[in-house]
Structure formats: C-alpha cells, structure tokens
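For reference, the structure is listed below as structure tokens.
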There are 2 protein chains.
Amino acid sequence: MKEGREVTIYDIAKSLHISPATVSRSLSNHHAISSRTRKKVLEAAHEMGYRSNSFARNLRMQKINVLGVIVPKINSHFISSVIAGMEEVASEYGYRIIISQSMESMQMEKERVYTMFNNRVGGLLVSVACDTTNMKHFKLFFDKKIPVVFFDRVFEGNGNLNVVIDNYRNAYDITRHLIGQGCKRILHIGGNQARAEYKERYRGYRDALLEAGLVCSDELLLINKLDEKAGIEAGEKILRMAERPDGVFAANDICAAHCLQTIKAAGYKVPEDICFAGFNNDPVAEMIEPHLTTVNYPCYEMGEIAMRSLINQLSGSRIINAAGSIILRSGIIVRASSLRRKSS
Amino acid sequence: MKEGREVTIYDIAKSLHISPATVSRSLSNHHAISSRTRKKVLEAAHEMGYRSNSFARNLRMQKINVLGVIVPKINSHFISSVIAGMEEVASEYGYRIIISQSMESMQMEKERVYTMFNNRVGGLLVSVACDTTNMKHFKLFFDKKIPVVFFDRVFEGNGNLNVVIDNYRNAYDITRHLIGQGCKRILHIGGNQARAEYKERYRGYRDALLEAGLVCSDELLLINKLDEKAGIEAGEKILRMAERPDGVFAANDICAAHCLQTIKAAGYKVPEDICFAGFNNDPVAEMIEPHLTTVNYPCYEMGEIAMRSLINQLSGSRIINAAGSIILRSGIIVRASSLRRKSS
DNA sequence: TTGTAGGCGTTATCAC
DNA sequence: GTGATAACGCCTACAA
C-alpha cells in the first residue's frame, strides 16, 4: 500500500489488468458484471486500502448527502437536544450534518447561510438569530428550490416548512395557571419582541391577564436577553420596584431561575410572596428550590421531526404540501414555584 | 438565469467574454487580477446566482475543509459547550465540522469512524464511548496519517494528541477539601472504571483518603452511569446504608445533584449531615440548594484548544510534536454543599 | 494582467 | 461482460 497518495480505481485496474470501468462497476454492484470479476475487485480494493472519493463521485453524480444546520448557539440544553435528535435521524438515513452557529447575529447568520450554500448542502435546518428581521438571505436556497426547514424561531410564507410549538397557547395557559393560584400582579420577562415567538409568548400572557381583568402595563414588562445575567438583573429590578409583582412569568427557564434565585436571596419567599414560571423545561428547572413551573418543550422530538421532514422533501418524489407549519404538542408542567393551592 | 442547471465559472466567463481562468482567479482573490475585472466578475457571479462547486474544488485541490467530530452524546452541557468552542474556531479558519454521536456504544462508534473515513474528513476530533476498550477502529486514520485529536475521554500512545484535564489531581484536591471540612467517611460515585478518566478520579479520591488515614472500602464505592437516574438510585442506596457516609464525591454534577436532592428529600441536611461534591461545573451546580462544590471543567476552552491543535496539524508545515497530551488548567470550586467551616 | 490546457477520480455512454 | 472515452467544475502551471 502506497503511503501518501490515495488508491484509485485506476490503481486497482492496473494491478488486476482490467479497465477502470470494470472496477467501477464491480464496486457499485452493477448487474452486467461477472461475479468472479467482482469478487476479485472487491478483494483487491480491500487489500490496497481503497476508499471511494466522494468528491469525484458527487461531482459526477450531482448528488449530495450533507445537510446543514444553523443555530444561534449550540451550547444550550434546548439546542443541543434538538441537534441530538436531528443527528440521530440523519444518520439513520445515511445523511451527515454540518453545523454552524450564528452567535445570535444576523450578520453572521448571513455568512453561515452563504457558506452552507457554497458547500452545497442538500437542505438546511435553521433556527434564526435573535435579531434576524427578514429571510432575504435564504433567497439563494428558495430560488434553487433547496428545501429549508425552520424550527423554533421561524418565518412564515416562503414555501418553507416550519416546525414549532404553540407559543401563544402555552404562554396563555401558564399565565392562567398563575392567575388561578391567586396572582394579581404578574410580571413578564420576555425576549426580543421582534421575534414572533417571544411576541406570541407575550401576547398569550397579555390576553390571559386582560381576560381575567388584571393589570397589564409596561411596568410589568421586562425585555432582555433571557440569559443568566439578564435573570439576575431582572431580579434586582423587581426588588427595587415600588409595587412589587406577586407573580413572574419568564420566557425561558435560565432567566426565570436566576431571577428567582436573586429574589430568594433578598429574603422573599417563593411561591408565597412571588410565584414563578418559566419556559422550556430546562434541567435547571428541576434543580432549583422550589422547582420551577414551566412549559415542556419537546426539543429532541423537534429535532427528529424537523430532520424527518427535510429528508422527506429530499427523497419523496412528490410532496403535496411541504410548506406550512408542524405544531408539536407541548404543555405546562406545574411545580412548586407557583403552587399556592392544592389543586391547580 | 437557467433553472435546474448550476451556474459555473464557464457560464460567467462566456457572459463576460473572458476566460474561465480569469473568473476563477477573480473569485479566489488572486493577486494578479485587475480590480476592475474582479469587480465585474463578482457582480456577474452574484447576478447569475453562482456558487462554487466544493466537490470540484476539493477534487482538484486534494484538500478537505471538513473535519469530523464524534462524541458520545451531544445533548449534555459539557459536550455541547465543547462543540460550541470547536465550531467557533473551525469557522474562523474556514473549516466546517460534521458531527455524529456514538450514543456511548463502541459498535456505533466504529461505524461513525468508518463513515467519517469514507467522507474523507481532513481530521477527527473524538471523545470515545463509555465502553470503548481499544482504538483499533481508528487505525484507518492512523495508517493514512490523518490527524486525530482525542479530548476528555482519550487513549494514549498512537502518535495522536490528547486534550485533557488532570482528573487525578482534581479528584484528589476535592477529596482533600472534603476531608478538610471534617468528613471522615466519604463515598465516591464513579463512572465506568474501564475508562481511564473515571479510574483517575477514583484514584485521586482513594489516595487522598489513604493519605489522611481514612477508611477506603468497597462499600464506599458506587459505580454507575452517572446520569439522573443513577444519582437518584445512589441517593436511595445511601439512605439504606447501615453506616452512612458523611461526604459524597460524585464523578459528575448531574449525578451529584440528583443524589443530593434525594438525600435532602429524606430529611437530611446538606452539608451538616452530608457534604457533597461533584465534577464538571454544570449549570445545575449553581441552581441546586445548597450550591454544589465541584471541579471547574473548561469545556468551551477544551473545544477551542482541541480544534486549534487539529487545524495546526493540518496546516502547519512541520509540527515538532503533535503527539502527547495537552493538560488544561482546571480547579475546584467550593460552594455551600461542602462548606462546614469558614475557611477551606 | 489574462488565456490555454491538462488533470483531479468518478460514472455513463458508447462500442466491441 | 468488458474496454475506451467523455464529461462533471475547478485550479494552476505555462504561455502570451
């Protein structure tokens, strides 16, 4: 076996005194080939350490088995679980995935999309950055009819498919729950309202309040980045408020948990003084004391479904309706952080 | 713009009445090209929806800009952070990463390695599965001198590079800390002892005990999968013990946290009755009450370093010593779960 | 500064 | 059943 250079079908052909075409056919189980020849070739290939060159093959075949995934950041419970689900399905169908992070920046997202395009991925799975305001940069894909599936953070209406949960409904339900526990003055910590998903969570919250005749004012709305730091700052802000809320619904668990911790450290009791609710069902929700009421987000399943839909569009001969939304089942999980009464 | 067929540099060349070579050079920022021509080409390329064909490019260049990452499971704080670090460095250097999971199974790991090989990744980053007992399946890569960098869970001595932390030392230090807090009977929850990393943590623990003249017996050693379920079961087991330990050192935080929770739920006080320490500095460590003493594991940094080392081997003309180990700085973080005295 | 031409490793289309 | 040969799209000596 030669060091350095790769073994090609020519090398095999030469050593066997046959033509490269025959080798190629043997390797790809072509029907018009004698089984004796095929056997010889297969053995020689193994012997010589041959591996097919996927670049040459793809170049020739015009076919691609790599799919792209673009996410804001990989290192969150939510995203890493989604990706785990995607990877499992992808590898089951013989696809590879390449992953990149937009770091919550639309500018970087654009670059990533372009790179994916140039890398000729067969399809794209995307959860957009926080400040992504439009989907112009996906036009490249739409124009070429390369399927794009959005998940979690999505856009409507370019013939693409979205995999989501019902943000409005879950936010509404969890706010209703807080109201049911006797909260009269509920504060919402939300994410960037330019993102429909966070807007929907806010709307669900607001509608529940209005319906119950409770106050819903700007003072009770905090918009931030929903990370650890934001949670702590939100807590400090709440502590400084003249009229303190008796309930908090945050648009994610990390933020909720750190806010809760800050409030607790100041001597207030949860849920007696303030009820808390989050979103996502992150592992921290079950660690914090008291455990955090939250919305169960089927992350792993979302990854599986999104990937399955994408592969479907790639291999399915005729898809009737690839566009639209798949809304996954989700629901609230009631834990001690919001439980004042026995029955909810 | 033609539908269906891809735009090539030939199409651009034709429409601009110049040669394909000029187009190619313009596109790759070759120096010997007039900026006027380049501009024209870039515009035309954009206009016509051109994208470079990475297959043709790779075929021609014999170079690969895709690197493979194989991990047990993506969806843990530790692994997702490592990958986030890797991706950041990779994209900085123009590399893409393809990721797959071995699901903690050596059999699947073998398959993944083979797939990566056939996909002709330029290099490999691996943290091996729990039950991986040898590195025979990486021989393909070693033979072809394709660089492989192991991280966290590693193997010694095949000319490969390892990126690790000092498991022995950290385990030793944290056990010493528990002893310093007055613990006399410390239990260790460890991972699969076939894995050197978990063995090292056990050894550090044991040596600290022996040195202090404390008891170190099989009764005080629990080996399990270190996940949530294992943590709860460990807690239940401890509660059933005749001679209960007054300190627990678990080889990861998830397990430690759930064990702690189980013990606490049974009415015992932490750290007064039992001290707790974990490993990894997972987000849950700062959420649980009391906060968990742990070992800070520089995950993101590990991803960055591992990726940087790999790219180094790929591009560096002469690497003096690519083999061996890089040991990252880590250290214990003392929190309330083990703090009985004012000074540690 | 730009053009010409050959080859990277496959597979498909002809012949034989 | 097998062999010759022409693409696939790109890059890069070498020429001009």
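Ordered as shown in the structure tokens, chains take letters A, B, and onward, while each chain numbers its residues from 1 and ligands are numbered from 1 in the order shown.
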Please run DSSP on the backbone and report, as a PDB file with N, CA and C atoms, in the first residue's frame, all residues within range 181-288 of chain B that come out as helix (DSSP H, G or I).
ATOM      1  N   ALA B 196     -10.193   5.305  31.690  1.00  0.00           N
ATOM      2  CA  ALA B 196      -9.093   5.833  32.491  1.00  0.00           C
ATOM      3  C   ALA B 196      -9.492   7.082  33.269  1.00  0.00           C
ATOM      4  N   GLU B 197     -10.315   7.928  32.652  1.00  0.00           N
ATOM      5  CA  GLU B 197     -10.664   9.206  33.271  1.00  0.00           C
ATOM      6  C   GLU B 197     -11.393   8.974  34.595  1.00  0.00           C
ATOM      7  N   TYR B 198     -12.328   8.044  34.596  1.00  0.00           N
ATOM      8  CA  TYR B 198     -13.069   7.770  35.826  1.00  0.00           C
ATOM      9  C   TYR B 198     -12.194   7.037  36.832  1.00  0.00           C
ATOM     10  N   LYS B 199     -11.349   6.197  36.305  1.00  0.00           N
ATOM     11  CA  LYS B 199     -10.390   5.491  37.170  1.00  0.00           C
ATOM     12  C   LYS B 199      -9.488   6.501  37.888  1.00  0.00           C
ATOM     13  N   GLU B 200      -9.043   7.480  37.129  1.00  0.00           N
ATOM     14  CA  GLU B 200      -8.175   8.512  37.701  1.00  0.00           C
ATOM     15  C   GLU B 200      -8.873   9.281  38.807  1.00  0.00           C
ATOM     16  N   ARG B 201     -10.145   9.579  38.564  1.00  0.00           N
ATOM     17  CA  ARG B 201     -10.893  10.313  39.587  1.00  0.00           C
ATOM     18  C   ARG B 201     -11.007   9.461  40.849  1.00  0.00           C
ATOM     19  N   TYR B 202     -11.207   8.189  40.619  1.00  0.00           N
ATOM     20  CA  TYR B 202     -11.273   7.294  41.767  1.00  0.00           C
ATOM     21  C   TYR B 202      -9.932   7.247  42.485  1.00  0.00           C
ATOM     22  N   ARG B 203      -8.880   7.130  41.711  1.00  0.00           N
ATOM     23  CA  ARG B 203      -7.541   7.062  42.308  1.00  0.00           C
ATOM     24  C   ARG B 203      -7.217   8.314  43.123  1.00  0.00           C
ATOM     25  N   GLY B 204      -7.567   9.456  42.591  1.00  0.00           N
ATOM     26  CA  GLY B 204      -7.319  10.707  43.321  1.00  0.00           C
ATOM     27  C   GLY B 204      -8.049  10.707  44.652  1.00  0.00           C
ATOM     28  N   TYR B 205      -9.293  10.265  44.580  1.00  0.00           N
ATOM     29  CA  TYR B 205     -10.122  10.163  45.780  1.00  0.00           C
ATOM     30  C   TYR B 205      -9.486   9.208  46.789  1.00  0.00           C
ATOM     31  N   ARG B 206      -9.099   8.035  46.283  1.00  0.00           N
ATOM     32  CA  ARG B 206      -8.549   7.000  47.170  1.00  0.00           C
ATOM     33  C   ARG B 206      -7.253   7.468  47.837  1.00  0.00           C
ATOM     34  N   ASP B 207      -6.372   8.013  47.030  1.00  0.00           N
ATOM     35  CA  ASP B 207      -5.087   8.446  47.582  1.00  0.00           C
ATOM     36  C   ASP B 207      -5.266   9.514  48.654  1.00  0.00           C
ATOM     37  N   ALA B 208      -6.225  10.408  48.425  1.00  0.00           N
ATOM     38  CA  ALA B 208      -6.472  11.449  49.431  1.00  0.00           C
ATOM     39  C   ALA B 208      -6.940  10.812  50.738  1.00  0.00           C
ATOM     40  N   LEU B 209      -7.820   9.815  50.594  1.00  0.00           N
ATOM     41  CA  LEU B 209      -8.322   9.133  51.796  1.00  0.00           C
ATOM     42  C   LEU B 209      -7.201   8.426  52.534  1.00  0.00           C
ATOM     43  N   LEU B 210      -6.436   7.635  51.782  1.00  0.00           N
ATOM     44  CA  LEU B 210      -5.369   6.838  52.401  1.00  0.00           C
ATOM     45  C   LEU B 210      -4.363   7.744  53.091  1.00  0.00           C
ATOM     46  N   GLU B 211      -4.032   8.800  52.423  1.00  0.00           N
ATOM     47  CA  GLU B 211      -3.070   9.750  52.962  1.00  0.00           C
ATOM     48  C   GLU B 211      -3.545  10.319  54.300  1.00  0.00           C
ATOM     49  N   ASP B 218     -14.806  -0.900  49.620  1.00  0.00           N
ATOM     50  CA  ASP B 218     -15.725  -1.136  48.510  1.00  0.00           C
ATOM     51  C   ASP B 218     -17.135  -0.661  48.830  1.00  0.00           C
ATOM     52  N   GLU B 219     -17.457  -0.689  50.118  1.00  0.00           N
ATOM     53  CA  GLU B 219     -18.789  -0.223  50.493  1.00  0.00           C
ATOM     54  C   GLU B 219     -18.976   1.262  50.187  1.00  0.00           C
ATOM     55  N   LEU B 220     -17.878   1.955  50.161  1.00  0.00           N
ATOM     56  CA  LEU B 220     -17.944   3.401  49.913  1.00  0.00           C
ATOM     57  C   LEU B 220     -17.703   3.740  48.446  1.00  0.00           C
ATOM     58  N   GLU B 228     -29.045  11.070  35.674  1.00  0.00           N
ATOM     59  CA  GLU B 228     -30.067  11.456  36.624  1.00  0.00           C
ATOM     60  C   GLU B 228     -30.575  10.256  37.440  1.00  0.00           C
ATOM     61  N   LYS B 229     -30.930   9.216  36.711  1.00  0.00           N
ATOM     62  CA  LYS B 229     -31.468   8.023  37.345  1.00  0.00           C
ATOM     63  C   LYS B 229     -30.451   7.415  38.327  1.00  0.00           C
ATOM     64  N   ALA B 230     -29.218   7.352  37.868  1.00  0.00           N
ATOM     65  CA  ALA B 230     -28.169   6.785  38.710  1.00  0.00           C
ATOM     66  C   ALA B 230     -27.976   7.606  39.977  1.00  0.00           C
ATOM     67  N   GLY B 231     -28.133   8.908  39.847  1.00  0.00           N
ATOM     68  CA  GLY B 231     -27.983   9.786  41.008  1.00  0.00           C
ATOM     69  C   GLY B 231     -29.052   9.518  42.052  1.00  0.00           C
ATOM     70  N   ILE B 232     -30.281   9.383  41.562  1.00  0.00           N
ATOM     71  CA  ILE B 232     -31.389   9.114  42.481  1.00  0.00           C
ATOM     72  C   ILE B 232     -31.199   7.762  43.166  1.00  0.00           C
ATOM     73  N   GLU B 233     -30.837   6.764  42.371  1.00  0.00           N
ATOM     74  CA  GLU B 233     -30.618   5.426  42.935  1.00  0.00           C
ATOM     75  C   GLU B 233     -29.479   5.411  43.947  1.00  0.00           C
ATOM     76  N   ALA B 234     -28.447   6.170  43.636  1.00  0.00           N
ATOM     77  CA  ALA B 234     -27.324   6.254  44.570  1.00  0.00           C
ATOM     78  C   ALA B 234     -27.796   6.852  45.892  1.00  0.00           C
ATOM     79  N   GLY B 235     -28.631   7.880  45.784  1.00  0.00           N
ATOM     80  CA  GLY B 235     -29.165   8.511  46.992  1.00  0.00           C
ATOM     81  C   GLY B 235     -29.955   7.502  47.828  1.00  0.00           C
ATOM     82  N   GLU B 236     -30.802   6.741  47.140  1.00  0.00           N
ATOM     83  CA  GLU B 236     -31.615   5.750  47.855  1.00  0.00           C
ATOM     84  C   GLU B 236     -30.743   4.695  48.521  1.00  0.00           C
ATOM     85  N   LYS B 237     -29.691   4.315  47.810  1.00  0.00           N
ATOM     86  CA  LYS B 237     -28.775   3.318  48.350  1.00  0.00           C
ATOM     87  C   LYS B 237     -28.099   3.850  49.617  1.00  0.00           C
ATOM     88  N   ILE B 238     -27.674   5.086  49.540  1.00  0.00           N
ATOM     89  CA  ILE B 238     -27.006   5.697  50.694  1.00  0.00           C
ATOM     90  C   ILE B 238     -27.952   5.732  51.892  1.00  0.00           C
ATOM     91  N   LEU B 239     -29.207   6.058  51.608  1.00  0.00           N
ATOM     92  CA  LEU B 239     -30.187   6.131  52.698  1.00  0.00           C
ATOM     93  C   LEU B 239     -30.389   4.784  53.373  1.00  0.00           C
ATOM     94  N   ARG B 240     -30.170   3.715  52.624  1.00  0.00           N
ATOM     95  CA  ARG B 240     -30.345   2.365  53.186  1.00  0.00           C
ATOM     96  C   ARG B 240     -29.097   1.856  53.903  1.00  0.00           C
ATOM     97  N   ASP B 253     -21.652  16.250  37.983  1.00  0.00           N
ATOM     98  CA  ASP B 253     -22.601  17.089  38.718  1.00  0.00           C
ATOM     99  C   ASP B 253     -24.041  16.619  38.628  1.00  0.00           C
ATOM    100  N   ILE B 254     -24.425  16.131  37.471  1.00  0.00           N
ATOM    101  CA  ILE B 254     -25.807  15.681  37.300  1.00  0.00           C
ATOM    102  C   ILE B 254     -26.108  14.597  38.321  1.00  0.00           C
ATOM    103  N   CYS B 255     -25.209  13.653  38.406  1.00  0.00           N
ATOM    104  CA  CYS B 255     -25.374  12.560  39.362  1.00  0.00           C
ATOM    105  C   CYS B 255     -25.337  13.087  40.792  1.00  0.00           C
ATOM    106  N   ALA B 256     -24.366  13.934  41.080  1.00  0.00           N
ATOM    107  CA  ALA B 256     -24.237  14.504  42.429  1.00  0.00           C
ATOM    108  C   ALA B 256     -25.498  15.252  42.828  1.00  0.00           C
ATOM    109  N   ALA B 257     -26.008  16.055  41.895  1.00  0.00           N
ATOM    110  CA  ALA B 257     -27.159  16.897  42.205  1.00  0.00           C
ATOM    111  C   ALA B 257     -28.397  16.056  42.513  1.00  0.00           C
ATOM    112  N   HIS B 258     -28.629  15.050  41.710  1.00  0.00           N
ATOM    113  CA  HIS B 258     -29.817  14.224  41.948  1.00  0.00           C
ATOM    114  C   HIS B 258     -29.670  13.372  43.207  1.00  0.00           C
ATOM    115  N   CYS B 259     -28.479  12.987  43.468  1.00  0.00           N
ATOM    116  CA  CYS B 259     -28.227  12.240  44.696  1.00  0.00           C
ATOM    117  C   CYS B 259     -28.494  13.154  45.891  1.00  0.00           C
ATOM    118  N   LEU B 260     -27.945  14.350  45.817  1.00  0.00           N
ATOM    119  CA  LEU B 260     -28.132  15.328  46.894  1.00  0.00           C
ATOM    120  C   LEU B 260     -29.617  15.580  47.131  1.00  0.00           C
ATOM    121  N   GLN B 261     -30.330  15.755  46.044  1.00  0.00           N
ATOM    122  CA  GLN B 261     -31.753  16.033  46.145  1.00  0.00           C
ATOM    123  C   GLN B 261     -32.510  14.896  46.844  1.00  0.00           C
ATOM    124  N   THR B 262     -32.109  13.689  46.493  1.00  0.00           N
ATOM    125  CA  THR B 262     -32.756  12.520  47.087  1.00  0.00           C
ATOM    126  C   THR B 262     -32.498  12.460  48.597  1.00  0.00           C
ATOM    127  N   ILE B 263     -31.257  12.706  48.959  1.00  0.00           N
ATOM    128  CA  ILE B 263     -30.878  12.687  50.369  1.00  0.00           C
ATOM    129  C   ILE B 263     -31.614  13.773  51.149  1.00  0.00           C
ATOM    130  N   LYS B 264     -31.666  14.952  50.529  1.00  0.00           N
ATOM    131  CA  LYS B 264     -32.314  16.079  51.167  1.00  0.00           C
ATOM    132  C   LYS B 264     -33.805  15.817  51.365  1.00  0.00           C
ATOM    133  N   ALA B 265     -34.406  15.209  50.337  1.00  0.00           N
ATOM    134  CA  ALA B 265     -35.840  14.919  50.398  1.00  0.00           C
ATOM    135  C   ALA B 265     -36.154  13.960  51.539  1.00  0.00           C
ATOM    136  N   PRO B 283     -24.278  23.822  34.840  1.00  0.00           N
ATOM    137  CA  PRO B 283     -25.176  24.879  35.334  1.00  0.00           C
ATOM    138  C   PRO B 283     -26.034  24.457  36.531  1.00  0.00           C
ATOM    139  N   VAL B 284     -26.404  23.194  36.595  1.00  0.00           N
ATOM    140  CA  VAL B 284     -27.237  22.768  37.719  1.00  0.00           C
ATOM    141  C   VAL B 284     -26.523  22.921  39.052  1.00  0.00           C
ATOM    142  N   ALA B 285     -25.195  22.933  39.037  1.00  0.00           N
ATOM    143  CA  ALA B 285     -24.446  23.030  40.287  1.00  0.00           C
ATOM    144  C   ALA B 285     -24.733  24.339  41.019  1.00  0.00           C
ATOM    145  N   GLU B 286     -25.024  25.373  40.251  1.00  0.00           N
ATOM    146  CA  GLU B 286     -25.311  26.669  40.860  1.00  0.00           C
ATOM    147  C   GLU B 286     -26.794  26.876  41.109  1.00  0.00           C
TER     148      GLU B 286
END
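Chain copies chain B and chain A align, over all their C-alpha atoms in order, to a least-squares RMSD of 1.3 Å.
CA of Leu221 in chain A is found 29.0 Å from CA of Ser325 in chain A.
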Contact residues around Tyr93 in chain B with only C-alpha atoms (C1' of nucleotides) at 12 Å, ignoring same-chain residues under 2 positions, as an MDAnalysis selection string = chainID B and resid 65:67 86:91 95:97 304 307:308 310:312 314:315
Would you mind exporting the chosen residues as a compact mmCIF listing (two decimals), in the first residue's frame, restricted to C-alpha atoms?
# COMPACT_ATOMS: atom_id res chain seq x y z
CA ASN B 65 -12.09 21.58 4.70
CA VAL B 66 -14.43 19.37 6.61
CA LEU B 67 -13.49 17.97 9.99
CA MET B 86 -14.84 23.83 18.30
CA GLU B 87 -17.28 25.31 15.85
CA GLU B 88 -16.21 28.83 16.64
CA VAL B 89 -12.55 28.09 15.95
CA ALA B 90 -13.30 25.95 12.92
CA SER B 91 -15.35 28.57 11.17
CA TYR B 95 -13.41 24.72 8.24
CA ARG B 96 -16.77 23.05 8.54
CA ILE B 97 -17.48 20.35 11.09
CA GLU B 304 -11.21 25.58 21.16
CA MET B 307 -9.81 22.29 17.29
CA ARG B 308 -6.86 24.63 17.16
CA LEU B 310 -6.14 19.78 14.87
CA ILE B 311 -6.07 22.65 12.41
CA ASN B 312 -2.48 23.22 13.40
CA LEU B 314 -3.38 20.16 9.10
CA SER B 315 -1.86 23.43 8.06
ask   = For chain C against chain B, which residues fall within 10 Å using only C-alpha atoms (C1' of nucleotides), given as a list in words?
value = DT1, DT2, DG3, DT4, DG7, DC8 and DG9 of chain C
inquiry  = To test your reading of the structure, identify every residue in range 100-331 of chain A that backbone DSSP assigns to strand (DSSP E), and report it as number ranges by chain.
reply    = A: 100-101, 124-126, 148-151, 161-165, 186-190, 221-223, 247-250, 275-277, 294-296, 324-328, 331
Kindly provide the residues of chain D that approach chain A to within 12 Å, each paired with its closest atom pair and their distance in Å to one decimal, based on only C-alpha atoms (C1' of nucleotides), listed by chain and increasing number, as a tab-separated table.
residue	atom	partner	partner_atom	distance
D:DG1	C1'	A:Ile33	CA	5.8
D:DT2	C1'	A:Thr22	CA	6.6
D:DG3	C1'	A:Ser19	CA	6.1
D:DA4	C1'	A:Ser19	CA	8.8
D:DT5	C1'	A:Ala21	CA	10.4
D:DA6	C1'	A:Arg60	CA	11.9
D:DA7	C1'	A:Arg60	CA	8.3
D:DC8	C1'	A:Arg60	CA	4.7
D:DG9	C1'	A:Leu59	CA	7.7
D:DC10	C1'	A:Leu59	CA	10.5
ask   = Within 8 Å of chain A, which residues of chain B show up when using only C-alpha atoms, listed as a PyMOL selection string?
value = chain B and resi 3-4+49+51-56+58-59+73-77+80-81+83-84+87-88+91+96-101+118-120+144+257+283-284+287-289
Please produce a file of the residues just selected, as a CSV table (one decimal), in the first residue's frame, where the atoms kept are N, CA and C atoms.
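Final file, again.csv:
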chain,number,residue,atom,x,y,z
B,3,GLU,N,-33.0,27.7,-15.0
B,3,GLU,CA,-33.5,26.9,-13.8
B,3,GLU,C,-32.9,25.5,-14.0
B,4,GLY,N,-32.6,24.9,-12.8
B,4,GLY,CA,-32.2,23.5,-12.9
B,4,GLY,C,-30.7,23.3,-12.9
B,49,GLY,N,-26.4,34.0,-9.7
B,49,GLY,CA,-26.6,33.0,-8.7
B,49,GLY,C,-25.6,32.0,-8.7
B,51,ARG,N,-22.6,29.6,-7.4
B,51,ARG,CA,-21.9,29.2,-6.2
B,51,ARG,C,-20.9,28.2,-6.6
B,52,SER,N,-19.8,28.3,-5.9
B,52,SER,CA,-18.6,27.4,-6.2
B,52,SER,C,-19.0,26.0,-5.9
B,53,ASN,N,-18.5,25.1,-6.7
B,53,ASN,CA,-18.7,23.7,-6.5
B,53,ASN,C,-17.6,23.1,-5.6
B,54,SER,N,-18.0,22.9,-4.4
B,54,SER,CA,-17.0,22.4,-3.5
B,54,SER,C,-16.4,21.0,-3.8
B,55,PHE,N,-17.2,20.3,-4.5
B,55,PHE,CA,-16.8,18.9,-4.9
B,55,PHE,C,-15.7,19.0,-5.9
B,56,ALA,N,-15.9,19.8,-6.9
B,56,ALA,CA,-14.9,20.0,-8.0
B,56,ALA,C,-13.7,20.6,-7.3
B,58,ASN,N,-12.6,20.5,-4.1
B,58,ASN,CA,-11.9,19.6,-3.3
B,58,ASN,C,-11.2,18.5,-4.1
B,59,LEU,N,-11.9,18.1,-5.2
B,59,LEU,CA,-11.3,17.1,-6.1
B,59,LEU,C,-10.0,17.6,-6.6
B,73,LYS,N,-22.6,11.7,23.3
B,73,LYS,CA,-24.0,12.3,23.1
B,73,LYS,C,-23.8,13.8,23.0
B,74,ILE,N,-24.5,14.4,22.1
B,74,ILE,CA,-24.4,15.9,22.0
B,74,ILE,C,-25.1,16.6,23.1
B,75,ASN,N,-26.2,16.1,23.6
B,75,ASN,CA,-27.0,16.9,24.5
B,75,ASN,C,-26.7,16.8,26.0
B,76,SER,N,-25.5,17.3,26.3
B,76,SER,CA,-25.1,17.5,27.7
B,76,SER,C,-24.4,18.9,27.7
B,77,HIS,N,-24.5,19.5,28.8
B,77,HIS,CA,-23.8,20.8,28.9
B,77,HIS,C,-22.4,20.7,28.5
B,80,SER,N,-22.0,19.9,24.6
B,80,SER,CA,-22.4,21.0,23.7
B,80,SER,C,-21.5,22.2,23.8
B,81,SER,N,-21.0,22.4,25.0
B,81,SER,CA,-20.1,23.6,25.2
B,81,SER,C,-18.8,23.3,24.4
B,83,ILE,N,-18.4,21.5,21.8
B,83,ILE,CA,-18.6,21.6,20.4
B,83,ILE,C,-18.8,23.1,20.0
B,84,ALA,N,-19.4,23.9,20.8
B,84,ALA,CA,-19.6,25.3,20.5
B,84,ALA,C,-18.2,25.9,20.4
B,87,GLU,N,-16.7,24.7,17.0
B,87,GLU,CA,-17.3,25.3,15.9
B,87,GLU,C,-16.8,26.7,15.7
B,88,GLU,N,-16.7,27.4,16.8
B,88,GLU,CA,-16.2,28.8,16.6
B,88,GLU,C,-14.8,28.9,16.0
B,91,SER,N,-14.8,27.7,12.2
B,91,SER,CA,-15.3,28.6,11.2
B,91,SER,C,-14.4,29.8,11.0
B,96,ARG,N,-15.4,23.5,8.1
B,96,ARG,CA,-16.8,23.1,8.5
B,96,ARG,C,-16.6,21.8,9.4
B,97,ILE,N,-17.6,21.6,10.3
B,97,ILE,CA,-17.5,20.3,11.1
B,97,ILE,C,-18.7,19.5,10.9
B,98,ILE,N,-18.5,18.2,10.7
B,98,ILE,CA,-19.7,17.3,10.7
B,98,ILE,C,-19.6,16.5,12.0
B,99,ILE,N,-20.8,16.3,12.6
B,99,ILE,CA,-20.9,15.8,13.9
B,99,ILE,C,-21.6,14.5,14.0
B,100,SER,N,-21.2,13.5,14.7
B,100,SER,CA,-22.0,12.4,15.0
B,100,SER,C,-21.9,11.8,16.3
B,101,GLN,N,-22.9,11.1,16.8
B,101,GLN,CA,-23.0,10.6,18.1
B,101,GLN,C,-22.8,9.1,18.1
B,118,ASN,N,-14.8,7.4,5.1
B,118,ASN,CA,-15.3,7.5,3.8
B,118,ASN,C,-15.8,8.8,3.3
B,119,ASN,N,-16.1,9.7,4.2
B,119,ASN,CA,-16.5,11.0,3.9
B,119,ASN,C,-15.3,11.9,3.7
B,120,ARG,N,-14.1,11.2,4.0
B,120,ARG,CA,-12.8,11.9,3.7
B,120,ARG,C,-12.7,13.2,4.5
B,144,LYS,N,-3.3,6.3,7.5
B,144,LYS,CA,-3.3,7.3,6.4
B,144,LYS,C,-2.7,8.6,6.9
B,257,ALA,N,-26.0,16.1,41.9
B,257,ALA,CA,-27.2,16.9,42.2
B,257,ALA,C,-28.4,16.1,42.5
B,283,PRO,N,-24.3,23.8,34.8
B,283,PRO,CA,-25.2,24.9,35.3
B,283,PRO,C,-26.0,24.5,36.5
B,284,VAL,N,-26.4,23.2,36.6
B,284,VAL,CA,-27.2,22.8,37.7
B,284,VAL,C,-26.5,22.9,39.1
B,287,MET,N,-27.6,25.9,40.7
B,287,MET,CA,-29.0,26.0,40.9
B,287,MET,C,-29.5,25.3,42.1
B,288,ILE,N,-28.9,24.2,42.4
B,288,ILE,CA,-29.3,23.3,43.5
B,288,ILE,C,-29.1,24.0,44.8
B,289,GLU,N,-29.9,23.7,45.8
B,289,GLU,CA,-29.7,24.2,47.1
B,289,GLU,C,-29.3,23.2,48.1
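Distances here use only C-alpha atoms; by that measure, the residue among A:Gln313, A:Ser217, A:Ser330, A:Ser338 closest to Val270 in chain A is A:Ser338.
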ask   = Can you list, as a ChimeraX atom specification, every protein, DNA or RNA residue that comes within 9 Å of Gly331 in chain A when you count only C-alpha atoms (C1' of nucleotides), leaving out same-chain residues fewer than 2 positions away?
value = /A:169-170,173-174,294-297,329,333
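If you measure from each of B:Val113, B:Val215, B:Met302, B:Val41 to Val163 in chain B using only C-alpha atoms, the closest one turns out to be B:Met302.
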inquiry  = Need to verify the contact set: Ser105 in chain A, 12 Å, only C-alpha atoms (C1' of nucleotides), exclusion of same-chain residues closer than 6 positions in sequence. Can you return it as a count of residues only?
reply    = 13
